[in-house]
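Colleague: Take a look at this one; I'll ask things after.
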Amino acid sequence: MSNPLSKRPTGQVSGWNDSSTPLAQTSFNLPYGLQLRQTITSSGAVTIPAGIPFVYVIMTGGGGTTVTGTASGGGGGGVSWGWTVPQSTCIIGAGGGSGASGGYTRYGYIIAGGGGGSTGVSFLGGGGAGQSAGSTNYWGVPTSANAAANTNANAGSGAPGGGNNTTSNGVAGNGGDGIAGGGGGRSVASGTGTGTGGNGGSGLSGGGGGCASSNTGTRTGGNGGNGLGIDGTIYTGGTGTTGSSTNGAGGGGAGIAGNGNNASDTTGGNGGLGGGGGGGGVGNFGAGGNGILYIFY
């Protein structure tokens with residue numbers, strides 16, 4: 001006798017076990033046998049035709065950002081995908097503003113957390129990357145925290161933010177690569193030395209670049225991390241600015257649906273659509289990119 005449970009969902013990531021969507025071909029990039037029906041960028045009503053028992057979704061939370069003033073880069077928004085029962089509403093995470101983490105995105109059973117914010121008050125390093133809901137993501141990687149202050153270390157696994165630099169002629173740590181990239185650390189070198197902010201980490205969504213400030217020598221802001229679209233398009237992070245005693249802002253991280261914006265003078269670049277982290281500013285922060293929801297059936 002056939003197993004009556006053979007067509008139940010096998011998990012949020014692995015897919016729905018039926019003849020039209022082989023498990024081996026159900027993935028982040030354009031799930032096999034399905035069509036992209038809706039792309040949603042703001043919270044509100046969702047209409048799914050009658051007779052559709054399950055839909056497949058890909059989503060990101062909003063990207064994190066920095067504070068007005070000197071700060072490191074915000075973390076990229078978390079990315080989640082899987083099967084869920086259709087719902088009549090959705091929540092789309094907004095990009096973080098002024099040091100805040102990005103908002104979460106939710107549709108049905110699937111949730112994507114926002115990217116970590118970077119606060120200049122406590123002088124933390126780059127914002128941690130967003131993950132799926134809970135203390136770990138689907139692959140068991142712990143949710144990332146912001147980098148500790150003044151470590152100037154490159155971030156490791158799990159895509160935390162890069163550490164700050166406080167030495168003369170120093171380079172801040174880069175954000176970690178991962179499903180979502182961590183934000184780059186900021187450089188607060190003093191005197192006439194050169195300072196370089198850390199680059200944002202790359203992933204499906206990228207972290208923002210950190211700024212360089214305080215010193216009177218050349219300041220170079222970090223570049224934002226790259227992102228990857230659902231059709232395989234590589235979106236690029238924005239570039240930081242360079243100048244003597246001025247500039248030094250970080251570029252915005254790319255999202256899964258758009259490039260990060262370049263920094264401008266002392267203003268950090270905004271994160272790209274789909275969870276890009278905001279770039280660190282010397283005077284003004286770059287906002288995190290808003291989340292996005294793709295629905296397939």
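Following the order of the structure tokens, chains are lettered A, B, ..., residues in each are numbered from 1, and ligands are numbered from 1.
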With a distance cut-off of 9 Å and only C-alpha atoms, select the neighbouring residues of region 287-289 of chain A, excluding the residue or stretch itself and same-chain residues fewer than 5 positions from it, and output the selection as a VMD selection string.
Modeller: chain A and resid 61 to 66 74 to 77 94 to 98 101 to 102 115 117 208 252 to 255 258 260 268 to 279
Colleague: Can you pull out every residue within 9 Å of Gly191 (chain A), counting only C-alpha atoms, but drop anything in the same chain fewer than 3 positions away, and send it as JSON, numbers by chain?
Modeller: {"A": [168, 194, 214, 215, 216, 217]}
Colleague: For a test of reading the model, state the distance in Å between CA of Ser80 (chain A) and CA of Pro53 (chain A), rounded to one decimal.
Modeller: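 Atom-to-atom, CA of Ser80 (chain A) and CA of Pro53 (chain A) are spaced 20.0 Å apart.
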Colleague: Could you check the closest approach to Gly82 (chain A) for each of A:Gly44, A:Gly175, A:Leu36, A:Pro31 and tell me which residue wins, using only C-alpha atoms?
Modeller: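 Smallest separation from Gly82 (chain A) among the options: A:Pro31.
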Colleague: Work out how far CA of Gly240 (chain A) is from CA of Thr196 (chain A), in Å to one decimal.
Modeller: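 Separation between CA of Thr196 (chain A) and CA of Gly240 (chain A): 9.7 Å.
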Colleague: May I ask for the distance between CA of Ile92 (chain A) and CA of Tyr56 (chain A), given in Å to one decimal place?
Modeller: 16.3 Å
Colleague: Thr266 (chain A): which residues within 8 Å, counting only C-alpha atoms, same-chain residues fewer than 5 positions away excluded, as an MDAnalysis selection string?
Modeller: chainID A and resid 241 246:249 281:284
Colleague: Which is closest to Ser43 (chain A) among A:Val79, A:Ala212, A:Cys90, A:Ile256, if we use only C-alpha atoms?
Modeller: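 Nearest to Ser43 (chain A): A:Cys90.
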